[in-house]
$ cat protein.txt   # compact mmCIF, C-alpha atoms and all ligand atoms
# COMPACT_ATOMS: atom_id res chain seq x y z
CA MET F 105 81.86 68.12 -132.37
CA SER F 106 79.87 65.52 -134.20
CA LEU F 107 79.17 62.15 -132.67
CA LYS F 108 79.24 58.90 -134.54
CA TYR F 109 78.16 55.38 -133.80
CA CYS F 110 80.40 52.36 -133.37
CA GLN F 111 79.98 50.23 -136.49
CA GLY F 112 80.12 46.96 -134.55
CA PRO F 113 77.00 45.00 -135.56
CA THR F 114 76.52 43.68 -132.01
CA CYS F 115 77.94 46.60 -130.02
CA HIS F 116 74.56 47.01 -128.25
CA GLN F 117 74.69 43.40 -127.07
CA TYR F 118 77.67 44.04 -124.84
CA ALA F 119 75.62 44.98 -121.80
CA THR F 120 77.88 47.51 -120.11
CA LYS F 121 76.65 50.39 -117.95
CA ASP F 122 77.82 53.05 -120.41
CA ARG F 123 75.66 51.46 -123.14
CA LEU F 124 72.52 51.62 -120.99
CA ARG F 125 70.73 54.75 -122.20
CA GLY F 126 67.28 56.28 -122.25
CA ASN F 127 64.60 57.48 -119.85
CA LYS F 128 64.08 55.98 -116.44
CA ASP F 129 61.37 53.51 -117.47
CA ASN F 130 62.63 53.01 -120.98
CA LYS F 131 66.30 52.12 -120.74
CA THR F 132 67.94 50.00 -123.41
CA PHE F 133 71.47 48.92 -124.17
CA GLN F 134 72.51 50.95 -127.19
CA THR F 135 75.32 51.11 -129.71
CA ARG F 136 78.15 53.27 -128.36
CA ARG F 137 78.29 56.82 -129.66
CA ARG F 138 81.42 58.96 -129.37
CA SER F 139 83.24 61.81 -131.08
CA SER F 140 86.09 59.43 -131.89
CA PHE F 141 87.03 55.78 -131.62
CA TYR F 142 90.47 54.18 -131.45
CA TYR F 143 89.90 51.06 -133.54
CA GLY F 144 89.43 50.30 -137.22
CA GLN F 145 90.25 53.77 -138.57
CA GLY F 146 87.96 55.36 -136.01
CA ASN F 147 84.94 53.17 -136.71
CA PHE F 148 84.89 50.83 -133.71
CA CYS F 149 84.75 51.31 -129.95
CA SER F 150 86.70 48.14 -129.23
CA LEU F 151 88.68 45.36 -130.83
CA ASN F 152 85.69 43.10 -130.09
CA CYS F 153 83.42 45.30 -132.21
CA GLN F 154 86.01 45.45 -134.98
CA ASN F 155 86.31 41.64 -134.96
CA ASP F 156 82.51 41.29 -134.92
CA TRP F 157 82.30 43.44 -138.03
CA PHE F 158 84.89 41.30 -139.80
CA ASP F 159 83.14 38.09 -138.74
CA ASN F 160 79.93 39.44 -140.32
CA PHE F 161 81.24 41.25 -143.39
CA GLY F 162 84.88 40.25 -143.94
CA ASN F 163 84.23 37.78 -146.75
CA LYS F 164 81.99 40.24 -148.60
CA ALA F 165 84.60 42.99 -148.21
CA ILE F 166 87.44 40.81 -149.48
CA ASP F 167 85.36 39.64 -152.44
CA HIS F 168 84.41 43.24 -153.19
CA PHE F 169 87.97 44.63 -153.11
CA GLY F 170 89.67 41.62 -154.64
CA ARG F 171 90.49 38.25 -153.13
CA LEU F 172 94.02 36.95 -153.61
CA THR F 173 93.93 33.70 -155.53
CA GLU F 174 97.65 33.35 -156.01
CA PRO F 175 100.67 34.43 -154.02
CA LYS F 176 102.21 37.87 -154.40
CA HIS F 177 105.94 37.86 -155.07
CA LEU F 178 108.55 40.24 -153.76
CA ILE F 179 110.76 40.89 -156.77
CA GLU F 180 113.40 43.43 -157.63
CA ASP F 181 110.84 45.84 -159.13
CA ASN F 182 108.77 46.19 -155.94
CA ALA F 183 111.34 45.53 -153.21
CA TRP F 184 112.32 49.15 -152.48
CA VAL F 185 111.97 50.38 -148.89
CA LYS F 186 112.85 53.79 -147.54
CA ASP F 187 115.24 53.88 -144.60
CA TYR F 188 117.89 56.03 -143.03
CA ASP F 189 121.01 55.68 -140.92
CA TRP F 190 120.15 56.24 -137.28
CA ARG F 191 123.60 57.64 -136.58
CA SER F 192 123.73 61.31 -137.44
CA SER F 193 126.51 62.64 -139.55
CA PRO F 194 128.74 65.47 -138.28
CA ASP F 195 126.34 68.09 -139.70
CA ASN F 196 123.56 66.42 -137.67
CA SER F 197 121.61 65.24 -140.72
CA HIS F 198 120.50 61.68 -141.32
CA HIS F 199 121.46 59.78 -144.42
CA TYR F 200 118.27 58.80 -146.17
CA TYR F 201 118.25 56.05 -148.75
CA TYR F 202 116.19 53.57 -150.70
CA LEU F 203 117.16 49.94 -150.12
CA ASN F 204 116.19 47.13 -152.45
CA LYS F 205 115.38 44.09 -150.29
CA ILE F 206 116.22 41.70 -153.13
CA THR F 207 119.39 43.17 -154.61
CA SER F 208 120.59 45.11 -151.51
CA GLU F 209 121.20 48.10 -153.79
CA ARG F 210 121.14 51.45 -152.00
CA ARG F 211 120.15 54.73 -153.62
CA PRO F 212 120.50 58.03 -151.74
CA LEU F 213 117.38 60.08 -151.00
CA THR F 214 116.88 63.66 -150.00
CA GLU F 215 114.88 64.20 -146.83
CA ASP F 216 112.03 65.59 -148.95
CA GLN F 217 111.98 62.44 -151.08
CA TYR F 218 112.06 60.32 -147.92
CA ARG F 219 108.98 62.11 -146.52
CA ASP F 220 107.10 62.28 -149.83
CA ASN F 221 104.63 59.38 -149.90
CA ASN F 222 104.20 59.88 -153.65
CA TYR F 223 107.90 59.42 -154.27
CA ASP F 224 108.12 55.67 -154.81
CA LEU F 225 110.48 53.55 -156.86
CA ASN F 226 108.25 50.47 -156.63
CA GLU F 227 106.22 49.36 -159.61
CA ARG F 228 102.64 48.56 -158.77
ZN ZN Q 301 81.19 48.97 -130.30
$ encode --input "protein.txt" --output "structure tokens"
Amino acid sequence: MSLKYCQGPTCHQYATKDRLRGNKDNKTFQTRRRSSFYYGQGNFCSLNCQNDWFDNFGNKAIDHFGRLTEPKHLIEDNAWVKDYDWRSSPDNSHHYYYLNKITSERRPLTEDQYRDNNYDLNER
């Protein structure tokens, strides 16, 4: 079991008892270290630490991965969403389908197609 550190840039500044580590005469508040974290894809010990990271690095990250400079548009070509009827049919199967949010067109799906994340009618 490998341990990892919370990526919050000021995690160590939240002076909680569990962050106080070290020898008797040499205790310091330290960045939290755990086998897993719940926040930010397992990188942060708390929502505070996740927000601190974004406050510090969010602009750089957005610029790096591409800042939107104009609105995206939901159009027929990218408006497909997978869904299924919650009511079961007599044979106890669900009816899976693709629904176009613009045209309201429905196209039937097999269960395998429904579960396959690579099966996608949307154009990128
Ligand atoms: Zn933290």
$ atom_distance --input "protein.txt" --atom1 "atom CA of F:Gln117" --atom2 "atom CA of F:Asp129"
19.3 Å
$ atom_distance --input "protein.txt" --atom1 "atom CA of F:Val185" --atom2 "atom CA of F:Leu225"
8.7 Å
$ residues_around --input "protein.txt" --residues "F:Gly146" --least-positions-apart "6" --cutoff "12 Å" --atoms "only C-alpha atoms" --output "PyMOL selection string"
chain F and resi 107-112+137-140+153-154
$ residues_near_ligand --input "protein.txt" --ligand "ligand ZN 301 (chain Q)" --cutoff "10 Å" --atoms "all atoms listed in the file" --output "PyMOL selection string"
chain F and resi 109-118+123+134-137+141+143+147-154+156-157
$ atom_distance --input "protein.txt" --atom1 "atom CA of F:Thr207" --atom2 "atom CA of F:Ile179"
9.2 Å
$ residues_near_point --input "protein.txt" --point "(117.9, 44.3, -152.4)" --cutoff "12 Å" --atoms "only C-alpha atoms" --output "ChimeraX atom specification"
/F:178-186,202-211
$ closest_residue --input "protein.txt" --among "F:Thr173, F:Thr120, F:Asn160, F:Asn155" --to "F:Thr132" --atoms "only C-alpha atoms"
F:Thr120
$ residues_around --input "protein.txt" --residues "stretch 213-219 of chain F" --least-positions-apart "4" --cutoff "8 Å" --atoms "all atoms listed in the file" --output "list of chain:residue names"
F:Lys186, F:Asp187, F:His199, F:Tyr200, F:Tyr201, F:Tyr202, F:Tyr223
$ decode --input "protein.txt" --residues "stretch 150-171 of chain F" --atoms "N, CA and C atoms" --output "compact mmCIF listing (two decimals), in the first residue's frame"
# COMPACT_ATOMS: atom_id res chain seq x y z
N SER F 150 -9.29 17.18 1.05
CA SER F 150 -10.53 17.89 1.37
C SER F 150 -10.90 18.80 0.20
N LEU F 151 -12.15 19.25 0.24
CA LEU F 151 -12.59 20.21 -0.78
C LEU F 151 -11.82 21.52 -0.63
N ASN F 152 -11.46 21.88 0.61
CA ASN F 152 -10.64 23.07 0.82
C ASN F 152 -9.32 22.98 0.06
N CYS F 153 -8.64 21.83 0.18
CA CYS F 153 -7.35 21.66 -0.49
C CYS F 153 -7.53 21.67 -2.00
N GLN F 154 -8.62 21.05 -2.48
CA GLN F 154 -8.88 21.08 -3.92
C GLN F 154 -9.10 22.52 -4.40
N ASN F 155 -9.89 23.27 -3.65
CA ASN F 155 -10.13 24.68 -4.02
C ASN F 155 -8.86 25.50 -3.95
N ASP F 156 -8.01 25.23 -2.94
CA ASP F 156 -6.74 25.95 -2.82
C ASP F 156 -5.87 25.71 -4.06
N TRP F 157 -5.87 24.48 -4.52
CA TRP F 157 -5.08 24.15 -5.71
C TRP F 157 -5.60 24.96 -6.89
N PHE F 158 -6.93 24.98 -7.05
CA PHE F 158 -7.48 25.70 -8.20
C PHE F 158 -7.22 27.19 -8.08
N ASP F 159 -7.31 27.74 -6.86
CA ASP F 159 -7.01 29.16 -6.68
C ASP F 159 -5.58 29.48 -7.11
N ASN F 160 -4.66 28.54 -6.87
CA ASN F 160 -3.25 28.76 -7.20
C ASN F 160 -2.93 28.47 -8.66
N PHE F 161 -3.52 27.40 -9.20
CA PHE F 161 -3.07 26.91 -10.50
C PHE F 161 -4.16 26.84 -11.57
N GLY F 162 -5.40 27.18 -11.22
CA GLY F 162 -6.52 27.02 -12.15
C GLY F 162 -6.32 27.74 -13.46
N ASN F 163 -5.91 29.00 -13.40
CA ASN F 163 -5.72 29.77 -14.64
C ASN F 163 -4.66 29.15 -15.54
N LYS F 164 -3.55 28.71 -14.91
CA LYS F 164 -2.48 28.07 -15.70
C LYS F 164 -3.00 26.79 -16.35
N ALA F 165 -3.77 26.01 -15.58
CA ALA F 165 -4.29 24.74 -16.11
C ALA F 165 -5.25 24.99 -17.27
N ILE F 166 -6.13 25.94 -17.12
CA ILE F 166 -7.09 26.24 -18.20
C ILE F 166 -6.36 26.74 -19.44
N ASP F 167 -5.37 27.62 -19.24
CA ASP F 167 -4.60 28.10 -20.39
C ASP F 167 -3.85 26.95 -21.06
N HIS F 168 -3.34 26.03 -20.25
CA HIS F 168 -2.58 24.90 -20.79
C HIS F 168 -3.48 23.99 -21.62
N PHE F 169 -4.66 23.66 -21.12
CA PHE F 169 -5.51 22.68 -21.79
C PHE F 169 -6.51 23.30 -22.76
N GLY F 170 -6.56 24.61 -22.80
CA GLY F 170 -7.40 25.28 -23.78
C GLY F 170 -8.55 26.04 -23.15
N ARG F 171 -8.44 27.35 -23.19
CA ARG F 171 -9.47 28.22 -22.62
C ARG F 171 -10.56 28.45 -23.66
